[in-house]
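K.L.:
Here you go, entry-v5.csv (CSV, C-alpha atoms):
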chain,number,residue,atom,x,y,z
A,1,GLU,CA,0.0,0.0,0.0
A,2,ASP,CA,2.8,2.4,0.8
A,3,GLY,CA,4.4,1.8,-2.6
A,4,ILE,CA,1.1,2.5,-4.4
A,5,ARG,CA,0.5,5.7,-2.3
A,6,ASP,CA,4.1,6.9,-3.0
A,7,TYR,CA,3.6,6.4,-6.7
A,8,LYS,CA,0.4,8.4,-6.8
A,9,VAL,CA,1.9,11.3,-4.8
A,10,THR,CA,5.5,11.4,-6.1
A,11,GLY,CA,5.2,9.6,-9.5
A,12,VAL,CA,8.0,7.2,-8.3
A,13,GLN,CA,7.3,3.5,-7.9
A,14,THR,CA,8.9,2.0,-4.8
A,15,CYS,CA,9.0,-1.5,-3.4
A,16,ALA,CA,9.7,-2.7,0.2
A,17,LEU,CA,10.0,-6.2,1.4
A,18,PRO,CA,8.4,-6.8,4.8
A,19,ILE,CA,10.6,-7.8,7.8
A,20,TYR,CA,8.2,-10.4,9.1
A,21,PRO,CA,8.8,-12.9,11.9
A,22,HIS,CA,6.8,-15.8,10.4
A,23,ALA,CA,8.9,-18.5,8.7
A,24,PRO,CA,6.9,-18.9,5.5
A,25,VAL,CA,7.2,-15.2,4.7
A,26,ARG,CA,10.9,-15.1,5.5
A,27,ALA,CA,11.6,-18.2,3.4
A,28,GLY,CA,9.6,-16.8,0.5
A,29,ALA,CA,11.5,-13.5,0.7
A,30,THR,CA,14.8,-15.4,0.7
A,31,THR,CA,13.7,-17.4,-2.3
A,32,PHE,CA,12.9,-14.1,-4.2
A,33,VAL,CA,16.3,-12.6,-3.2
A,34,VAL,CA,18.3,-15.7,-4.2
A,35,ARG,CA,16.6,-16.0,-7.6
A,36,SER,CA,17.6,-12.3,-8.2
A,37,LEU,CA,21.2,-13.1,-7.1
A,38,LEU,CA,21.3,-16.1,-9.4
A,39,ARG,CA,20.2,-14.1,-12.4
A,40,SER,CA,23.1,-11.7,-11.7
A,41,GLY,CA,25.6,-14.5,-11.3
A,42,ALA,CA,26.3,-13.7,-7.6
A,43,THR,CA,27.2,-17.3,-6.7
A,44,GLU,CA,29.3,-16.4,-3.7
A,45,GLU,CA,26.4,-14.5,-2.1
A,46,VAL,CA,24.1,-17.5,-2.7
A,47,SER,CA,26.6,-19.8,-1.1
A,48,ALA,CA,26.8,-17.6,1.9
A,49,LEU,CA,23.1,-17.8,2.4
A,50,LEU,CA,23.3,-21.6,2.1
A,51,ALA,CA,25.8,-21.5,5.0
A,52,SER,CA,23.5,-19.3,7.2
A,53,PRO,CA,22.8,-20.4,10.8
A,54,ASP,CA,19.2,-19.5,10.1
A,55,SER,CA,17.4,-22.6,8.9
A,56,VAL,CA,14.5,-20.6,7.4
A,57,VAL,CA,17.0,-18.7,5.2
A,58,VAL,CA,18.8,-21.8,4.2
A,59,ALA,CA,15.5,-23.6,3.2
A,60,GLY,CA,14.5,-20.5,1.2
A,61,ALA,CA,17.9,-20.5,-0.6
A,62,ALA,CA,17.7,-24.2,-1.4
A,63,THR,CA,14.2,-23.8,-2.7
A,64,ALA,CA,15.3,-21.1,-5.0
A,65,LEU,CA,18.1,-23.3,-6.4
A,66,HIS,CA,15.6,-26.1,-7.1
A,67,ARG,CA,13.2,-23.7,-8.9
A,68,ALA,CA,16.1,-22.3,-11.0
A,69,SER,CA,17.4,-25.7,-12.0
A,70,GLY,CA,15.9,-25.5,-15.4
A,71,GLU,CA,17.7,-22.3,-16.1
A,72,LEU,CA,21.0,-22.6,-14.4
A,73,ASP,CA,23.8,-25.1,-13.7
A,74,LEU,CA,23.7,-25.9,-10.0
A,75,ALA,CA,27.0,-27.8,-10.0
A,76,PRO,CA,28.8,-25.0,-8.1
A,77,PHE,CA,26.4,-25.5,-5.2
A,78,ALA,CA,26.6,-29.3,-5.1
A,79,ASP,CA,29.0,-29.6,-2.2
A,80,ALA,CA,27.0,-27.1,-0.1
A,81,LEU,CA,23.8,-29.0,-0.8
A,82,LEU,CA,25.5,-32.3,0.1
A,83,HIS,CA,26.0,-30.9,3.6
A,84,LEU,CA,22.5,-29.7,3.9
A,85,VAL,CA,20.7,-33.0,3.0
A,86,VAL,CA,21.5,-34.2,6.6
A,87,HIS,CA,20.6,-30.9,8.2
A,88,ALA,CA,18.7,-31.0,11.5
A,89,ASP,CA,15.8,-29.0,10.0
A,90,LYS,CA,13.3,-31.0,7.9
A,91,ASP,CA,12.5,-28.2,5.5
A,92,VAL,CA,16.2,-27.7,4.8
A,93,ARG,CA,16.7,-31.4,4.1
A,94,ARG,CA,13.9,-31.6,1.7
A,95,ALA,CA,14.6,-28.4,-0.2
A,96,SER,CA,18.2,-29.4,-0.5
A,97,ALA,CA,17.4,-32.9,-1.7
A,98,TRP,CA,15.0,-31.5,-4.3
A,99,ALA,CA,17.8,-29.1,-5.6
A,100,LEU,CA,20.4,-31.8,-5.5
A,101,ALA,CA,18.3,-34.2,-7.6
A,102,GLN,CA,18.8,-31.7,-10.4
A,103,VAL,CA,22.6,-31.8,-10.3
A,104,ALA,CA,24.8,-34.3,-12.2
A,105,LEU,CA,26.9,-35.5,-9.3
A,106,THR,CA,30.3,-37.1,-9.7
A,107,ASP,CA,30.9,-40.6,-8.5
A,108,ALA,CA,32.7,-39.2,-5.4
A,109,GLN,CA,29.8,-36.9,-4.6
A,110,ARG,CA,27.2,-39.7,-4.9
A,111,ALA,CA,29.3,-41.9,-2.5
A,112,ASP,CA,29.7,-38.9,-0.2
A,113,LEU,CA,25.9,-38.4,-0.2
A,114,VAL,CA,25.3,-42.1,0.7
A,115,ALA,CA,27.8,-41.9,3.5
A,116,ARG,CA,26.3,-38.7,4.9
A,117,SER,CA,22.8,-40.1,4.7
A,118,GLY,CA,24.0,-43.3,6.4
A,119,ALA,CA,24.9,-41.2,9.5
A,120,ALA,CA,21.2,-40.4,9.8
A,121,LEU,CA,20.1,-44.0,9.9
A,122,GLY,CA,20.9,-44.1,13.6
A,123,SER,CA,18.5,-41.2,14.3
A,124,THR,CA,15.8,-41.7,16.9
A,125,ASP,CA,13.4,-39.8,14.6
A,126,SER,CA,11.8,-42.5,12.3
A,127,GLU,CA,10.8,-39.9,9.7
A,128,ARG,CA,14.4,-38.8,9.4
A,129,ARG,CA,15.6,-42.4,9.1
A,130,ASN,CA,13.2,-43.1,6.4
A,131,GLU,CA,14.0,-40.0,4.5
A,132,ALA,CA,17.7,-41.1,4.6
A,133,LEU,CA,16.8,-44.6,3.4
A,134,ASP,CA,14.8,-43.3,0.5
A,135,ARG,CA,17.5,-40.8,-0.4
A,136,ILE,CA,20.2,-43.6,-0.4
A,137,ARG,CA,17.9,-45.8,-2.5
A,138,GLU,CA,17.7,-43.0,-5.1
A,139,PHE,CA,21.4,-42.6,-5.4
A,140,VAL,CA,22.3,-46.3,-5.1
A,141,SER,CA,20.1,-46.9,-8.1
A,142,ASP,CA,22.2,-44.2,-9.9
A,143,GLY,CA,25.5,-46.1,-9.1
A,144,ALA,CA,26.5,-45.0,-5.6
A,145,PRO,CA,27.9,-47.9,-3.5
A,146,ILE,CA,25.8,-49.2,-0.6
A,147,GLU,CA,28.6,-51.1,1.2
A,148,PRO,CA,29.5,-48.3,3.6
A,149,VAL,CA,25.9,-48.3,5.0
A,150,LEU,CA,24.9,-51.9,4.4
A,151,SER,CA,25.1,-53.1,8.0
A,152,GLU,CA,23.1,-50.1,9.3
A,153,VAL,CA,20.4,-50.7,6.6
A,154,ALA,CA,20.2,-54.4,7.4
A,155,ARG,CA,19.8,-53.5,11.1
A,156,LEU,CA,16.7,-51.4,10.3
A,157,LEU,CA,15.0,-54.5,8.7
A,158,ALA,CA,13.9,-55.3,12.3
A,159,ASP,CA,12.7,-51.8,13.0
A,160,ALA,CA,8.9,-51.5,12.9
A,161,ASP,CA,8.9,-47.9,11.5
A,162,SER,CA,11.8,-48.3,8.9
A,163,ALA,CA,11.6,-52.0,7.8
A,164,TRP,CA,9.7,-51.4,4.6
A,165,HIS,CA,12.0,-48.6,3.5
A,166,ALA,CA,15.1,-50.6,4.3
A,167,ASN,CA,13.8,-53.7,2.4
A,168,GLU,CA,13.0,-51.6,-0.7
A,169,LEU,CA,16.5,-50.1,-0.6
A,170,LEU,CA,18.1,-53.5,-0.4
A,171,ALA,CA,16.0,-54.8,-3.2
A,172,GLU,CA,17.0,-51.9,-5.4
A,173,ALA,CA,20.7,-52.3,-4.6
A,174,ALA,CA,20.6,-56.1,-5.3
A,175,ASP,CA,20.2,-55.4,-9.0
A,176,THR,CA,23.7,-53.9,-9.2
A,177,GLN,CA,25.6,-54.6,-6.0
A,178,ASP,CA,26.6,-57.4,-3.6
A,179,VAL,CA,24.1,-57.3,-0.7
A,180,CYS,CA,24.7,-60.8,0.6
A,181,ALA,CA,25.9,-59.5,3.9
A,182,ALA,CA,22.3,-58.4,4.6
A,183,LEU,CA,20.8,-61.9,4.1
A,184,PRO,CA,21.0,-63.0,7.8
A,185,ALA,CA,19.2,-59.8,8.9
A,186,LEU,CA,16.6,-60.3,6.1
A,187,LEU,CA,15.9,-63.9,7.2
A,188,ALA,CA,15.6,-62.8,10.8
A,189,ALA,CA,13.1,-60.1,9.9
A,190,TYR,CA,11.1,-62.7,7.8
A,191,GLU,CA,11.0,-65.1,10.7
A,192,ASP,CA,9.8,-62.4,13.0
A,193,ARG,CA,7.7,-60.3,10.6
A,194,LYS,CA,5.1,-59.6,13.3
A,195,SER,CA,7.7,-57.1,14.7
A,196,THR,CA,7.7,-55.2,11.4
A,197,ARG,CA,5.2,-53.5,9.2
A,198,LEU,CA,6.6,-55.3,6.1
A,199,ASN,CA,4.2,-57.0,3.8
A,200,SER,CA,5.4,-60.6,3.7
A,201,SER,CA,5.3,-60.6,-0.1
A,202,HIS,CA,7.9,-57.9,-0.2
A,203,LEU,CA,10.2,-60.0,1.9
A,204,VAL,CA,9.7,-63.1,-0.3
A,205,ILE,CA,10.3,-61.2,-3.5
A,206,SER,CA,13.3,-59.5,-2.1
A,207,TYR,CA,14.7,-62.7,-0.7
A,208,ALA,CA,14.4,-64.3,-4.1
A,209,VAL,CA,16.3,-61.4,-5.6
A,210,PHE,CA,19.0,-61.7,-3.0
A,211,CYS,CA,19.4,-65.4,-3.5
A,212,LEU,CA,19.8,-64.9,-7.2
A,213,LYS,CA,22.4,-62.2,-6.6
A,214,LYS,CA,24.2,-64.5,-4.2
A,215,LYS,CA,24.4,-67.2,-6.9
Would you mind writing the structure in this file as structure tokens?
P.N.:
Amino acid sequence: EDGIRDYKVTGVQTCALPIYPHAPVRAGATTFVVRSLLRSGATEEVSALLASPDSVVVAGAATALHRASGELDLAPFADALLHLVVHADKDVRRASAWALAQVALTDAQRADLVARSGAALGSTDSERRNEALDRIREFVSDGAPIEPVLSEVARLLADADSAWHANELLAEAADTQDVCAALPALLAAYEDRKSTRLNSSHLVISYAVFCLKKK
């Protein structure tokens, strides 16, 4: 309203962004600013926002990168995004993962992402564990090695909240990698499937895949 009134009185159009305490507004304002910075090639300024201690600002910056992925090469921000996919804040993790999905990662970066996500598999937050399992599955299917996190994934086959996600990940990995070390845990989960939320058919199908891989 102030901008419209100024225009009518002075003939000069002005624009002011509100300083607002609510997170959605702050994140949206950050997204707007970052997109403007990206258009001007100010990559260092954008990288600084990704390193901000304010999770709302970081989420807004990562969202802007995701939305700009069709116009810009996000490779310069890959390393920063790799750090953020294991951030404590859920909005930051998700926005970073969306942006990172648009980047052509190197083999080393894919392996790094799996290793970083593996550290989240020990979280007491089941939602965070399952996010990490699904993220690992995405990058394992793209060639990243599962071996560094295999034992932790196998352990989660007996976890009621994460068993389905862990099983799907192992089934995906079995197409291209050696997952035989997970067989004992899989068999144990199958024998005691009442302690999991796994559909038994998933276990049978996956076990057949594992056996074929073992041969």
K.L.:
To one decimal place, how far is CA of Thr30 (chain A) from CA of Leu81 (chain A) in Å?
P.N.:
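So the answer is 16.4 Å.
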K.L.:
Report the distance between CA of Glu147 (chain A) and CA of Ala99 (chain A) in Å, rounded to one decimal place.
P.N.:
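Interatomic distance here is 25.4 Å.
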K.L.:
Could you list, as a JSON list (two decimals) with C-alpha atoms, in the coordinates of the input, every residue within 12 Å of Gly122 (chain A), counting only C-alpha atoms and ignoring same-chain residues fewer than 6 positions away?
P.N.:
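Saved file result_17.json follows:
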[["chain", "number", "residue", "atom", "x", "y", "z"],
["A", 116, "ARG", "CA", 26.30, -38.70, 4.90],
["A", 128, "ARG", "CA", 14.40, -38.80, 9.40],
["A", 129, "ARG", "CA", 15.60, -42.40, 9.10],
["A", 130, "ASN", "CA", 13.20, -43.10, 6.40],
["A", 132, "ALA", "CA", 17.70, -41.10, 4.60],
["A", 133, "LEU", "CA", 16.80, -44.60, 3.40],
["A", 149, "VAL", "CA", 25.90, -48.30, 5.00],
["A", 151, "SER", "CA", 25.10, -53.10, 8.00],
["A", 152, "GLU", "CA", 23.10, -50.10, 9.30],
["A", 153, "VAL", "CA", 20.40, -50.70, 6.60],
["A", 155, "ARG", "CA", 19.80, -53.50, 11.10],
["A", 156, "LEU", "CA", 16.70, -51.40, 10.30],
["A", 159, "ASP", "CA", 12.70, -51.80, 13.00],
["A", 162, "SER", "CA", 11.80, -48.30, 8.90]]
K.L.:
Excluding same-chain residues fewer than 2 positions from Ile146 (chain A), what lies within 9 Å of it counting all atoms listed in the file, as a PyMOL selection string?
P.N.:
chain A and resi 111+114-115+136-137+140+144+148-150+170+173+177-179
K.L.:
Which protein, DNA or RNA residues have an atom at most 7 Å from (20.2, -30.6, 0.2), counting all atoms listed in the file? List them as a list of chain:residue names.
P.N.:
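Residues with an atom at most 7 Å from (20.2, -30.6, 0.2): A:Leu81, A:Leu82, A:His83, A:Leu84, A:Val85, A:Val92, A:Arg93, A:Arg94, A:Ala95, A:Ser96, A:Ala97, A:Trp98, A:Ala99, A:Leu100.
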K.L.:
Counting all atoms listed in the file, which residue out of A:Leu65, A:Pro145, A:Leu74, A:Ala154 sits closest to Asp107 (chain A)?
P.N.:
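Of the candidates, the smallest distance to Asp107 (chain A) is held by A:Pro145.
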K.L.:
Hey, can you check how far CA of Ala119 (chain A) sits from CA of Asp134 (chain A)?
P.N.:
13.7 Å
K.L.:
Taking all atoms listed in the file into account, name the residue in A:Val86, A:Leu72, A:Leu183, A:Ala80 that is nearest to Ala51 (chain A).
P.N.:
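Answer, going by the shortest atom-to-atom distance: A:Ala80.
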K.L.:
Show me, as a ChimeraX atom specification, the residues that have an atom within 7 Å of Val58 (chain A) when counting all atoms listed in the file, minus same-chain residues fewer than 5 positions from it.
P.N.:
/A:49-50,52,92
K.L.:
Write a file of the just-selected residues containing C-alpha atoms, as a PDB file, in the frame of the given file.
P.N.:
ATOM      1  CA  LEU A  49      23.100 -17.800   2.400  1.00  0.00           C
ATOM      2  CA  LEU A  50      23.300 -21.600   2.100  1.00  0.00           C
ATOM      3  CA  SER A  52      23.500 -19.300   7.200  1.00  0.00           C
ATOM      4  CA  VAL A  92      16.200 -27.700   4.800  1.00  0.00           C
TER       5      VAL A  92
END
K.L.:
Have a look at A:Val33, A:Ala160, A:Ala78, A:Ala101 and name the one nearest to Arg135 (chain A); count only C-alpha atoms.
P.N.:
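Of the candidates, the smallest distance to Arg135 (chain A) is held by A:Ala101.
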K.L.:
Hey, what's within 7 Å of Thr63 (chain A) if we count all atoms listed in the file and toss same-chain stuff fewer than 3 positions away? As a short mmCIF file (atom, residue, chain, number, x, y, z; two decimals) with C-alpha atoms, keeping the file's coordinate frame, please?
P.N.:
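Writing done, so here's result-v8.cif:
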data_model
loop_
_atom_site.label_atom_id
_atom_site.label_comp_id
_atom_site.auth_asym_id
_atom_site.auth_seq_id
_atom_site.Cartn_x
_atom_site.Cartn_y
_atom_site.Cartn_z
CA THR A 31 13.70 -17.40 -2.30
CA ALA A 59 15.50 -23.60 3.20
CA GLY A 60 14.50 -20.50 1.20
CA HIS A 66 15.60 -26.10 -7.10
CA ARG A 67 13.20 -23.70 -8.90
CA ALA A 95 14.60 -28.40 -0.20
#
